[in-house]
Amino acid sequence: MAERVSRLSTEKAAVIFTRSQCPMCHTVLTLFSELSVYAAVHELDKDPRGRDMERELARRLGRVPPVPAVFIGGKLIGSTDMIMSLHLSGKLVPMLKAAGAIWL
């Protein structure tokens, strides 16, 4: 499953693993939408192998629940707390631009 997560996490400049009824996932997705980020989104509760991917993401993040799990430029950045911290400190947009997830 580690290989599948690694492959999916690099399919676009920004990749978000979520669950459909997750409020924190919605928060990150809304932020990325407002920033005009073109991200690949994988809803793990709708994927037949989603539980296995959640376990792999929990291992990588060192936390449960593992969603949202945000990858930028193929690198695991973290969950909502890290994304919001980067955004509030002015570091998220430059990171997204450098990865090619924002064109403006």
# chains A, B, ... in the order shown; residues from 1 in each chain; ligands from 1
>>> select_by_dssp(residues="region 7-78 of chain A", states="helix (DSSP H, G or I)", output="list of chain:residue names")
A:Arg7, A:Leu8, A:Pro23, A:Met24, A:Cys25, A:His26, A:Thr27, A:Val28, A:Leu29, A:Thr30, A:Leu31, A:Phe32, A:Ser33, A:Glu34, A:Leu44, A:Asp45, A:Lys46, A:Gly50, A:Arg51, A:Asp52, A:Met53, A:Glu54, A:Arg55, A:Glu56, A:Leu57, A:Ala58, A:Arg59, A:Arg60, A:Leu61
>>> residues_around(residues="Val93 (chain A)", least_positions_apart="2", cutoff="12 Å", atoms="only C-alpha atoms", output="list in words")
Ala14, Leu31, Phe32, Glu34, Leu35, Ser36, Val37, Ile72, Ile83, Met84, Ser85, Leu86, His87, Leu88, Ser89, Gly90, Lys91, Met95, Leu96, Lys97, Ala98, Ala99, Gly100, Ala101, Ile102, Trp103 and Leu104 of chain A
>>> closest_residue(among="A:Ile77, A:Pro65, A:Lys46, A:Asp52", to="Met24 (chain A)", atoms="only C-alpha atoms")
A:Pro65
>>> closest_residue(among="A:Leu8, A:Gly73, A:Pro68, A:Met1", to="Arg49 (chain A)", atoms="only C-alpha atoms")
A:Met1
>>> atom_distance(atom1="CA of Phe17 (chain A)", atom2="CA of His42 (chain A)")
4.8 Å
>>> atom_distance(atom1="CA of Lys12 (chain A)", atom2="CA of Ala39 (chain A)")
6.5 Å
>>> closest_residue(among="A:Val28, A:Met53, A:Pro94, A:Ser6", to="Gly78 (chain A)", atoms="only C-alpha atoms")
A:Val28
>>> select_by_dssp(residues="region 32-87 of chain A", states="strand (DSSP E)", output="tab-separated table (two decimals) with C-alpha atoms, in the first residue's frame")
chain	number	residue	atom	x	y	z
A	39	ALA	CA	-5.26	19.47	-6.60
A	40	ALA	CA	-5.95	15.78	-7.01
A	41	VAL	CA	-8.36	14.69	-4.29
A	42	HIS	CA	-8.71	11.09	-3.13
A	43	GLU	CA	-11.70	10.34	-0.90
A	69	ALA	CA	-3.15	14.35	4.31
A	70	VAL	CA	-1.67	16.96	1.99
A	71	PHE	CA	1.21	16.37	-0.40
A	72	ILE	CA	2.79	19.26	-2.30
A	75	LYS	CA	6.28	15.65	-0.37
A	76	LEU	CA	4.03	14.96	2.60
A	77	ILE	CA	3.34	18.35	4.19
A	78	GLY	CA	0.87	17.26	6.84
>>> atom_distance(atom1="CA of Glu56 (chain A)", atom2="CA of Ala2 (chain A)")
6.2 Å
>>> closest_residue(among="A:Ala58, A:Val67, A:Val5, A:Met82", to="Gln21 (chain A)", atoms="only C-alpha atoms")
A:Val67
>>> decode(residues="region 18-33 of chain A", atoms="N, CA, C and O atoms", output="PDB file, in the first residue's frame")
ATOM      1  N   THR A  18      -8.565  12.545   1.583  1.00  0.00           N
ATOM      2  CA  THR A  18      -9.649  13.008   2.444  1.00  0.00           C
ATOM      3  C   THR A  18     -10.626  11.873   2.747  1.00  0.00           C
ATOM      4  O   THR A  18     -10.484  10.768   2.238  1.00  0.00           O
ATOM      5  N   ARG A  19     -11.621  12.214   3.535  1.00  0.00           N
ATOM      6  CA  ARG A  19     -12.826  11.398   3.717  1.00  0.00           C
ATOM      7  C   ARG A  19     -13.995  12.345   3.437  1.00  0.00           C
ATOM      8  O   ARG A  19     -13.926  13.524   3.750  1.00  0.00           O
ATOM      9  N   SER A  20     -15.069  11.824   2.888  1.00  0.00           N
ATOM     10  CA  SER A  20     -16.166  12.688   2.425  1.00  0.00           C
ATOM     11  C   SER A  20     -16.883  13.431   3.547  1.00  0.00           C
ATOM     12  O   SER A  20     -17.387  14.519   3.327  1.00  0.00           O
ATOM     13  N   GLN A  21     -16.954  12.901   4.746  1.00  0.00           N
ATOM     14  CA  GLN A  21     -17.671  13.571   5.840  1.00  0.00           C
ATOM     15  C   GLN A  21     -16.722  14.154   6.887  1.00  0.00           C
ATOM     16  O   GLN A  21     -17.042  14.217   8.066  1.00  0.00           O
ATOM     17  N   CYS A  22     -15.567  14.601   6.459  1.00  0.00           N
ATOM     18  CA  CYS A  22     -14.529  15.102   7.370  1.00  0.00           C
ATOM     19  C   CYS A  22     -14.514  16.634   7.344  1.00  0.00           C
ATOM     20  O   CYS A  22     -14.153  17.232   6.332  1.00  0.00           O
ATOM     21  N   PRO A  23     -14.886  17.297   8.453  1.00  0.00           N
ATOM     22  CA  PRO A  23     -14.905  18.769   8.472  1.00  0.00           C
ATOM     23  C   PRO A  23     -13.531  19.400   8.213  1.00  0.00           C
ATOM     24  O   PRO A  23     -13.443  20.422   7.531  1.00  0.00           O
ATOM     25  N   MET A  24     -12.479  18.817   8.739  1.00  0.00           N
ATOM     26  CA  MET A  24     -11.141  19.375   8.521  1.00  0.00           C
ATOM     27  C   MET A  24     -10.702  19.204   7.065  1.00  0.00           C
ATOM     28  O   MET A  24     -10.016  20.065   6.518  1.00  0.00           O
ATOM     29  N   CYS A  25     -11.121  18.113   6.456  1.00  0.00           N
ATOM     30  CA  CYS A  25     -10.844  17.913   5.031  1.00  0.00           C
ATOM     31  C   CYS A  25     -11.526  19.007   4.219  1.00  0.00           C
ATOM     32  O   CYS A  25     -10.926  19.591   3.310  1.00  0.00           O
ATOM     33  N   HIS A  26     -12.769  19.294   4.567  1.00  0.00           N
ATOM     34  CA  HIS A  26     -13.523  20.345   3.882  1.00  0.00           C
ATOM     35  C   HIS A  26     -12.813  21.696   4.027  1.00  0.00           C
ATOM     36  O   HIS A  26     -12.743  22.477   3.078  1.00  0.00           O
ATOM     37  N   THR A  27     -12.260  21.956   5.203  1.00  0.00           N
ATOM     38  CA  THR A  27     -11.541  23.206   5.451  1.00  0.00           C
ATOM     39  C   THR A  27     -10.353  23.341   4.508  1.00  0.00           C
ATOM     40  O   THR A  27     -10.150  24.389   3.876  1.00  0.00           O
ATOM     41  N   VAL A  28      -9.560  22.288   4.388  1.00  0.00           N
ATOM     42  CA  VAL A  28      -8.382  22.328   3.511  1.00  0.00           C
ATOM     43  C   VAL A  28      -8.807  22.429   2.053  1.00  0.00           C
ATOM     44  O   VAL A  28      -8.232  23.211   1.285  1.00  0.00           O
ATOM     45  N   LEU A  29      -9.818  21.671   1.661  1.00  0.00           N
ATOM     46  CA  LEU A  29     -10.295  21.734   0.275  1.00  0.00           C
ATOM     47  C   LEU A  29     -10.819  23.130  -0.066  1.00  0.00           C
ATOM     48  O   LEU A  29     -10.569  23.640  -1.160  1.00  0.00           O
ATOM     49  N   THR A  30     -11.518  23.765   0.870  1.00  0.00           N
ATOM     50  CA  THR A  30     -12.029  25.118   0.654  1.00  0.00           C
ATOM     51  C   THR A  30     -10.876  26.104   0.504  1.00  0.00           C
ATOM     52  O   THR A  30     -10.884  26.952  -0.396  1.00  0.00           O
ATOM     53  N   LEU A  31      -9.884  26.009   1.382  1.00  0.00           N
ATOM     54  CA  LEU A  31      -8.718  26.894   1.280  1.00  0.00           C
ATOM     55  C   LEU A  31      -8.038  26.738  -0.073  1.00  0.00           C
ATOM     56  O   LEU A  31      -7.743  27.731  -0.745  1.00  0.00           O
ATOM     57  N   PHE A  32      -7.788  25.504  -0.477  1.00  0.00           N
ATOM     58  CA  PHE A  32      -7.109  25.273  -1.758  1.00  0.00           C
ATOM     59  C   PHE A  32      -7.947  25.789  -2.918  1.00  0.00           C
ATOM     60  O   PHE A  32      -7.411  26.352  -3.869  1.00  0.00           O
ATOM     61  N   SER A  33      -9.253  25.641  -2.834  1.00  0.00           N
ATOM     62  CA  SER A  33     -10.133  26.159  -3.876  1.00  0.00           C
ATOM     63  C   SER A  33     -10.038  27.677  -3.949  1.00  0.00           C
ATOM     64  O   SER A  33      -9.929  28.257  -5.034  1.00  0.00           O
TER      65      SER A  33
END
